[in-house]
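Dropping final.txt in here (compact mmCIF, C-alpha atoms and all ligand atoms):
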# COMPACT_ATOMS: atom_id res chain seq x y z
CA MET F 1 -134.02 -14.93 59.36
CA ARG F 2 -130.77 -16.84 59.69
CA LEU F 3 -131.09 -20.58 60.30
CA ASP F 4 -128.25 -22.99 60.99
CA VAL F 5 -128.71 -26.74 61.16
CA LEU F 6 -125.91 -28.86 62.60
CA THR F 7 -126.06 -32.54 61.69
CA ILE F 8 -123.78 -35.40 60.77
CA PHE F 9 -126.33 -36.26 58.03
CA PRO F 10 -126.71 -33.02 56.03
CA ASP F 11 -128.61 -34.88 53.26
CA TYR F 12 -131.51 -35.32 55.67
CA LEU F 13 -132.17 -31.60 55.31
CA SER F 14 -132.40 -31.58 51.50
CA PRO F 15 -136.22 -31.14 51.54
CA LEU F 16 -135.49 -27.57 52.64
CA ASP F 17 -134.62 -26.82 49.00
CA LEU F 18 -138.24 -27.49 48.02
CA SER F 19 -141.52 -25.63 47.96
CA LEU F 20 -142.12 -22.48 50.04
CA ILE F 21 -138.97 -22.85 52.10
CA GLY F 22 -136.80 -23.31 49.01
CA LYS F 23 -138.41 -20.25 47.47
CA ALA F 24 -137.90 -18.23 50.66
CA ARG F 25 -134.21 -19.14 50.54
CA ARG F 26 -133.88 -18.15 46.90
CA ASP F 27 -135.78 -14.89 47.54
CA GLY F 28 -133.46 -14.02 50.41
CA HIS F 29 -136.03 -14.20 53.26
CA LEU F 30 -134.22 -17.19 54.76
CA ASP F 31 -130.45 -17.58 55.12
CA LEU F 32 -130.30 -21.32 55.78
CA ARG F 33 -126.97 -23.08 56.32
CA VAL F 34 -126.42 -26.74 57.05
CA SER F 35 -123.10 -27.72 58.61
CA ASN F 36 -121.52 -30.93 59.81
CA PRO F 37 -119.78 -31.31 63.20
CA ARG F 38 -117.72 -34.08 61.59
CA ASP F 39 -115.89 -31.35 59.66
CA TYR F 40 -114.53 -30.12 63.02
CA THR F 41 -112.94 -33.42 64.05
CA THR F 42 -109.16 -33.71 63.94
CA ASP F 43 -108.51 -37.45 64.33
CA ARG F 44 -107.86 -39.72 61.37
CA HIS F 45 -111.28 -41.40 61.57
CA HIS F 46 -113.24 -38.16 62.07
CA THR F 47 -114.84 -39.59 65.20
CA VAL F 48 -118.02 -37.82 66.34
CA ASP F 49 -119.19 -40.30 68.99
CA ASP F 50 -117.91 -42.36 71.87
CA THR F 51 -119.15 -44.74 74.58
CA PRO F 52 -121.14 -43.29 77.50
CA TYR F 53 -119.55 -42.75 80.90
CA GLY F 54 -121.28 -45.00 83.40
CA GLY F 55 -121.83 -47.65 80.74
CA GLY F 56 -125.00 -48.67 78.98
CA ALA F 57 -126.20 -49.06 75.44
CA GLY F 58 -125.55 -46.70 72.54
CA MET F 59 -123.08 -43.96 71.81
CA VAL F 60 -122.87 -40.31 72.82
CA MET F 61 -121.82 -37.47 70.53
CA LYS F 62 -118.50 -35.95 71.56
CA ALA F 63 -118.51 -32.39 72.90
CA GLU F 64 -115.65 -30.70 71.04
CA PRO F 65 -116.80 -31.08 67.41
CA TRP F 66 -120.25 -29.79 68.41
CA ALA F 67 -118.83 -26.85 70.34
CA GLN F 68 -116.67 -25.84 67.38
CA ALA F 69 -119.54 -26.19 64.94
CA LEU F 70 -121.68 -24.04 67.26
CA GLU F 71 -118.92 -21.43 67.59
CA SER F 72 -118.71 -21.17 63.84
CA THR F 73 -122.43 -20.29 63.68
CA LEU F 74 -121.70 -17.41 66.07
CA GLU F 75 -118.78 -16.10 64.03
CA GLY F 76 -120.91 -15.93 60.92
CA SER F 77 -123.59 -14.05 62.82
CA SER F 78 -121.53 -11.09 64.04
CA GLY F 79 -123.46 -8.04 62.96
CA ILE F 80 -126.77 -9.59 63.95
CA GLY F 81 -127.69 -7.96 67.24
CA GLU F 82 -129.90 -10.45 69.03
CA ARG F 83 -128.70 -13.56 70.89
CA PRO F 84 -129.25 -16.69 68.77
CA VAL F 85 -131.59 -19.45 69.97
CA LEU F 86 -130.04 -22.90 70.17
CA ILE F 87 -132.75 -25.52 69.66
CA VAL F 88 -131.83 -29.05 70.63
CA PRO F 89 -134.45 -31.46 69.29
CA SER F 90 -134.94 -34.07 71.97
CA PRO F 91 -137.69 -36.41 73.16
CA ALA F 92 -136.77 -35.06 76.61
CA GLY F 93 -137.65 -31.48 75.61
CA ILE F 94 -140.69 -29.27 76.14
CA PRO F 95 -143.56 -29.96 73.70
CA PHE F 96 -143.38 -28.01 70.41
CA THR F 97 -146.56 -25.97 69.86
CA GLN F 98 -147.88 -23.31 67.48
CA LYS F 99 -147.12 -20.71 70.17
CA ILE F 100 -143.47 -21.80 70.29
CA ALA F 101 -143.37 -21.71 66.48
CA ARG F 102 -144.70 -18.13 66.56
CA ASP F 103 -142.20 -17.03 69.22
CA LEU F 104 -139.31 -18.56 67.28
CA ALA F 105 -140.52 -17.02 63.99
CA ALA F 106 -139.96 -13.60 65.59
CA ARG F 107 -136.28 -14.31 66.29
CA GLU F 108 -133.40 -13.37 64.02
CA HIS F 109 -131.15 -16.41 64.33
CA LEU F 110 -132.05 -20.03 65.11
CA VAL F 111 -129.53 -22.85 65.40
CA PHE F 112 -130.70 -26.48 65.43
CA ALA F 113 -128.27 -29.04 66.89
CA CYS F 114 -129.48 -32.43 65.69
CA GLY F 115 -128.02 -35.19 67.80
CA ARG F 116 -128.04 -38.86 66.91
CA TYR F 117 -127.61 -41.95 69.06
CA GLU F 118 -128.11 -41.26 72.78
CA GLY F 119 -127.66 -37.53 72.30
CA ILE F 120 -124.91 -34.94 72.61
CA ASP F 121 -122.60 -34.70 75.64
CA GLN F 122 -124.65 -32.69 78.17
CA ARG F 123 -121.78 -30.27 78.77
CA VAL F 124 -122.24 -28.80 75.28
CA VAL F 125 -125.75 -27.70 76.18
CA GLU F 126 -124.49 -26.13 79.44
CA TRP F 127 -121.57 -24.45 77.69
CA ALA F 128 -123.86 -23.04 75.00
CA ALA F 129 -126.04 -21.37 77.65
CA ASP F 130 -123.01 -20.03 79.60
CA ASP F 131 -122.14 -16.35 79.25
CA GLY F 132 -125.29 -15.89 77.16
CA ARG F 133 -123.86 -17.45 74.01
CA PHE F 134 -127.28 -18.83 73.10
CA ASP F 135 -130.79 -18.98 74.50
CA VAL F 136 -131.01 -22.78 74.74
CA GLU F 137 -134.24 -24.79 74.35
CA LEU F 138 -134.66 -28.58 74.34
CA ILE F 139 -137.79 -29.21 72.29
CA SER F 140 -139.73 -32.41 71.52
CA ILE F 141 -142.16 -32.79 68.61
CA GLY F 142 -144.26 -35.47 70.30
CA ASP F 143 -144.41 -38.42 72.62
CA TYR F 144 -142.53 -40.95 70.51
CA VAL F 145 -138.86 -41.58 69.76
CA LEU F 146 -136.98 -40.79 66.55
CA ASN F 147 -133.48 -41.94 65.67
CA GLY F 148 -132.16 -38.40 65.59
CA GLY F 149 -133.16 -34.77 65.65
CA GLU F 150 -133.07 -34.15 61.87
CA VAL F 151 -136.69 -34.98 61.07
CA ALA F 152 -137.83 -33.08 64.16
CA ALA F 153 -135.80 -30.06 62.99
CA LEU F 154 -137.48 -30.28 59.56
CA VAL F 155 -140.88 -30.29 61.24
CA MET F 156 -140.05 -27.28 63.40
CA ILE F 157 -138.41 -25.34 60.56
CA GLU F 158 -141.46 -25.81 58.34
CA ALA F 159 -143.82 -24.69 61.11
CA ILE F 160 -141.64 -21.67 61.93
CA ALA F 161 -140.64 -20.55 58.43
CA ARG F 162 -144.21 -20.31 57.14
CA LEU F 163 -144.95 -17.75 59.85
CA ILE F 164 -142.19 -15.36 58.73
CA PRO F 165 -143.76 -12.39 56.93
CA GLY F 166 -143.29 -12.68 53.17
CA ILE F 167 -142.83 -16.44 53.15
CA ILE F 168 -146.29 -17.97 53.02
CA GLY F 169 -148.24 -17.34 49.80
CA ASN F 170 -151.37 -15.96 51.46
CA PRO F 171 -151.00 -14.64 55.03
CA GLU F 172 -154.81 -14.60 55.51
CA SER F 173 -154.82 -18.37 55.30
CA LEU F 174 -152.96 -18.37 58.63
CA ASP F 175 -155.85 -16.80 60.54
CA GLU F 176 -158.32 -19.68 60.79
CA GLU F 177 -155.86 -22.53 60.90
CA SER F 178 -155.93 -25.33 63.38
CA HIS F 179 -154.04 -24.36 66.54
CA GLU F 180 -153.83 -20.63 65.81
CA ASP F 181 -156.76 -19.72 68.07
CA GLY F 182 -157.35 -22.94 69.98
CA LEU F 183 -159.84 -24.49 67.54
CA LEU F 184 -159.28 -27.00 64.73
CA GLU F 185 -160.01 -25.77 61.20
CA TYR F 186 -163.29 -26.26 59.32
CA PRO F 187 -163.61 -28.78 56.43
CA ALA F 188 -162.98 -27.50 52.88
CA TYR F 189 -164.67 -28.39 49.56
CA THR F 190 -164.01 -27.48 45.93
CA LYS F 191 -165.60 -28.14 42.54
CA PRO F 192 -167.47 -30.16 41.41
CA ALA F 193 -170.45 -29.57 43.72
CA GLU F 194 -171.55 -33.18 43.17
CA TRP F 195 -168.84 -35.87 43.28
CA ARG F 196 -169.43 -39.62 43.26
CA GLY F 197 -172.89 -39.08 44.65
CA ARG F 198 -171.76 -36.73 47.39
CA GLY F 199 -172.86 -33.12 47.58
CA ILE F 200 -171.49 -30.31 49.67
CA PRO F 201 -173.15 -28.51 52.60
CA GLU F 202 -175.96 -26.37 51.13
CA VAL F 203 -174.96 -23.24 53.03
CA LEU F 204 -171.68 -22.99 51.09
CA LEU F 205 -173.69 -22.37 47.90
CA SER F 206 -176.02 -19.81 49.53
CA GLY F 207 -173.89 -16.72 48.99
CA ASN F 208 -174.86 -15.71 52.56
CA HIS F 209 -171.49 -14.78 53.99
CA ALA F 210 -172.66 -14.45 57.59
CA ALA F 211 -174.34 -17.86 57.46
CA ILE F 212 -171.22 -19.40 55.90
CA ALA F 213 -169.00 -17.87 58.58
CA ARG F 214 -171.28 -19.20 61.35
CA TRP F 215 -171.43 -22.67 59.77
CA ARG F 216 -167.66 -22.81 59.47
CA TYR F 217 -167.22 -21.67 63.05
CA GLU F 218 -169.66 -24.33 64.28
CA GLN F 219 -167.77 -26.95 62.28
CA ARG F 220 -164.61 -25.86 64.09
CA LEU F 221 -166.36 -26.17 67.46
CA ARG F 222 -167.79 -29.57 66.53
CA ARG F 223 -164.50 -31.00 65.26
CA THR F 224 -162.59 -29.73 68.25
CA SER F 225 -165.11 -31.16 70.70
CA GLU F 226 -165.06 -34.56 68.96
CA VAL F 227 -161.33 -34.91 68.33
CA ARG F 228 -159.67 -32.68 70.94
CA PRO F 229 -161.91 -32.15 73.97
CA ASP F 230 -158.75 -31.12 75.85
CA MET F 231 -158.42 -28.07 73.57
CA LEU F 232 -162.06 -27.09 74.00
CA GLU F 233 -161.76 -27.39 77.77
CA LYS F 234 -159.13 -24.64 77.80
CA LEU F 235 -161.35 -22.37 75.70
CA TRP F 236 -164.67 -23.05 77.43
CA ASP F 237 -164.78 -19.91 79.60
CA SER F 238 -164.23 -17.66 76.57
CA LEU F 239 -167.11 -19.17 74.54
CA SER F 240 -170.43 -17.34 74.14
CA LYS F 241 -173.70 -18.77 75.47
CA LYS F 242 -174.69 -19.46 71.86
CA ASP F 243 -171.53 -21.50 71.30
CA ARG F 244 -171.96 -23.46 74.52
CA ASP F 245 -175.61 -24.17 73.68
CA TYR F 246 -174.52 -25.41 70.25
CA LEU F 247 -171.96 -27.76 71.83
CA ASP F 248 -174.48 -28.94 74.43
CA SER F 249 -176.94 -29.71 71.62
CA LEU F 250 -174.26 -31.90 69.95
CA ARG F 251 -173.66 -33.78 73.15
CA GLY F 252 -177.40 -34.33 73.53
CA ARG F 253 -177.42 -35.97 70.12
CA HIS F 254 -174.51 -38.34 70.80
CL1 LIG F 301 -137.16 -33.53 68.85
N1 LIG F 301 -135.90 -35.85 68.71
C1 LIG F 301 -135.88 -37.18 68.76
N2 LIG F 301 -134.75 -37.83 68.55
N3 LIG F 301 -136.95 -37.91 69.04
C2 LIG F 301 -138.08 -37.23 69.23
C3 LIG F 301 -138.17 -35.86 69.17
C4 LIG F 301 -137.05 -35.19 68.91
N4 LIG F 301 -139.42 -35.47 69.44
C5 LIG F 301 -140.08 -36.58 69.64
N5 LIG F 301 -139.29 -37.66 69.53
Using structure tokens, write down the structure from this file.
Amino acid sequence: MRLDVLTIFPDYLSPLDLSLIGKARRDGHLDLRVSNPRDYTTDRHHTVDDTPYGGGAGMVMKAEPWAQALESTLEGSSGIGERPVLIVPSPAGIPFTQKIARDLAAREHLVFACGRYEGIDQRVVEWAADDGRFDVELISIGDYVLNGGEVAALVMIEAIARLIPGIIGNPESLDEESHEDGLLEYPAYTKPAEWRGRGIPEVLLSGNHAAIARWRYEQRLRRTSEVRPDMLEKLWDSLSKKDRDYLDSLRGRH
């Protein structure tokens, strides 16, 4: 996968050298390039922002440096067949989810345009979508406000990159994760079996794989119903009678 990140603060993206993502880059699974729209300014002060038309607080990022930086990501990608996706991190975007991460992990070329201040001149987003230059998506990582899109891009890149085949250490560990199938994950324990007076659930020592699988599944149901009833609601019709009875029995006890 090719990944471009456009930001006036490239240092914000340095964590991408670390851990699984850093390894994926070194192993050639990820071609990740960070570039700076400021490098495309021509005035003496390398101005990337200006005051908003219509007045009001804050500054807006100027269109031309961003358009040129975006064009340069297209030049470098000639030879890649598919249209790149332009992701604009924005609190005004659609909510980022595991499904979106999975869809984006299947694409060949993602470009993140990380705005600062009050955002990028809206015409850049329209221009990028014109003539099919990019598939454009405004995406938010949650209902709160950040100072810029860089941290949001880091979040999305980590969620996406670990889904690319060959990147995560153990692909099986993806299967029963929170948010993959609509349930939160079960609690995990490791040695020692007794720690500061606390044991572990007996069933995990039983060697009975079917019983362990059922216990873990019930833990997932229980956690989801306690923490995220909204998620369980969506799943309710697909649950077995046994599962529903289990959940009803929990509610009876509360
Ligand atoms: Cl993607 N960007 C910014 N600046 N703030 C956010 C966000 C993104 N998602 C939530 N808040």
Would you mind telling me which residue in F:Tyr144, F:Tyr40, F:Trp66, F:Phe9 lies nearest to ligand LIG 301 (chain F) when using all atoms listed in the file?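 That would be F:Tyr144, the residue with the smallest distance to ligand LIG 301 (chain F).
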Closest atom pairs, chain F residues within 6 Å of ligand LIG 301 (chain F), all atoms listed in the file, as CSV:
residue,atom,partner,partner_atom,distance
F:Pro89,CA,F:LIG301,CL1,3.4
F:Ser90,CA,F:LIG301,N1,3.8
F:Pro91,CA,F:LIG301,C2,4.0
F:Ile139,CA,F:LIG301,CL1,5.6
F:Ser140,CA,F:LIG301,N4,3.7
F:Ile141,CA,F:LIG301,N4,3.9
F:Gly142,CA,F:LIG301,C5,4.4
F:Asp143,CA,F:LIG301,C5,5.6
F:Tyr144,CA,F:LIG301,N5,4.7
F:Val145,CA,F:LIG301,N5,4.0
F:Leu146,CA,F:LIG301,N3,3.8
F:Asn147,CA,F:LIG301,N2,5.2
F:Gly148,CA,F:LIG301,N2,4.0
F:Gly149,CA,F:LIG301,N1,4.2
F:Ala152,CA,F:LIG301,CL1,4.8
Preceding selection exported with C-alpha atoms as a tab-separated table (two decimals), in the frame of the given file:
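Output saved as selection-v5.tsv:
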chain	number	residue	atom	x	y	z
F	89	PRO	CA	-134.45	-31.46	69.29
F	90	SER	CA	-134.94	-34.07	71.97
F	91	PRO	CA	-137.69	-36.41	73.16
F	139	ILE	CA	-137.79	-29.21	72.29
F	140	SER	CA	-139.73	-32.41	71.52
F	141	ILE	CA	-142.16	-32.79	68.61
F	142	GLY	CA	-144.26	-35.47	70.30
F	143	ASP	CA	-144.41	-38.42	72.62
F	144	TYR	CA	-142.53	-40.95	70.51
F	145	VAL	CA	-138.86	-41.58	69.76
F	146	LEU	CA	-136.98	-40.79	66.55
F	147	ASN	CA	-133.48	-41.94	65.67
F	148	GLY	CA	-132.16	-38.40	65.59
F	149	GLY	CA	-133.16	-34.77	65.65
F	152	ALA	CA	-137.83	-33.08	64.16
Selection: 12 Å around Ile87 (chain F), all atoms listed in the file, excl. self and same-chain fewer than 2 positions, as a ChimeraX atom specification: /F:3-6,70,84-85,89-90,93-94,96,100-101,104,109-115,125,128-129,134-141,149-150,152-153,156-157
For a quick check of understanding, using all atoms listed in the file, which of F:Val124, F:Ala210, F:Ala63, F:Val34 has the smallest distance to Leu154 (chain F)?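 Nearest candidate to Leu154 (chain F) out of F:Val124, F:Ala210, F:Ala63, F:Val34: F:Val34.
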For Tyr189 (chain F), which of F:Leu18, F:Leu205, F:Leu174, F:Ile164 is the closest residue, counting all atoms listed in the file? F:Leu205
Which residue, F:Arg2, F:His29, F:Lys234, F:Arg162, has the smallest gap to Thr73 (chain F) when you use all atoms listed in the file?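 Looking only at the distances to Thr73 (chain F), the closest residue turns out to be F:Arg2.
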Contacts of Pro65 (chain F) at 8 Å or less, counting all atoms listed in the file, minus same-chain residues fewer than 4 places along, as a ChimeraX atom specification? /F:37-41,48,69
Can you list, as a ChimeraX atom specification, every protein, DNA or RNA residue that comes within 9 Å of Gly182 (chain F) when you count all atoms listed in the file, leaving out same-chain residues fewer than 5 positions away? /F:224,231-232,234-235
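Reported to one decimal place, the separation of CA of Ile160 (chain F) from CA of Leu13 (chain F) is 15.2 Å.
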Between CA of Leu86 (chain F) and CA of Gly22 (chain F) lies a distance of 22.2 Å
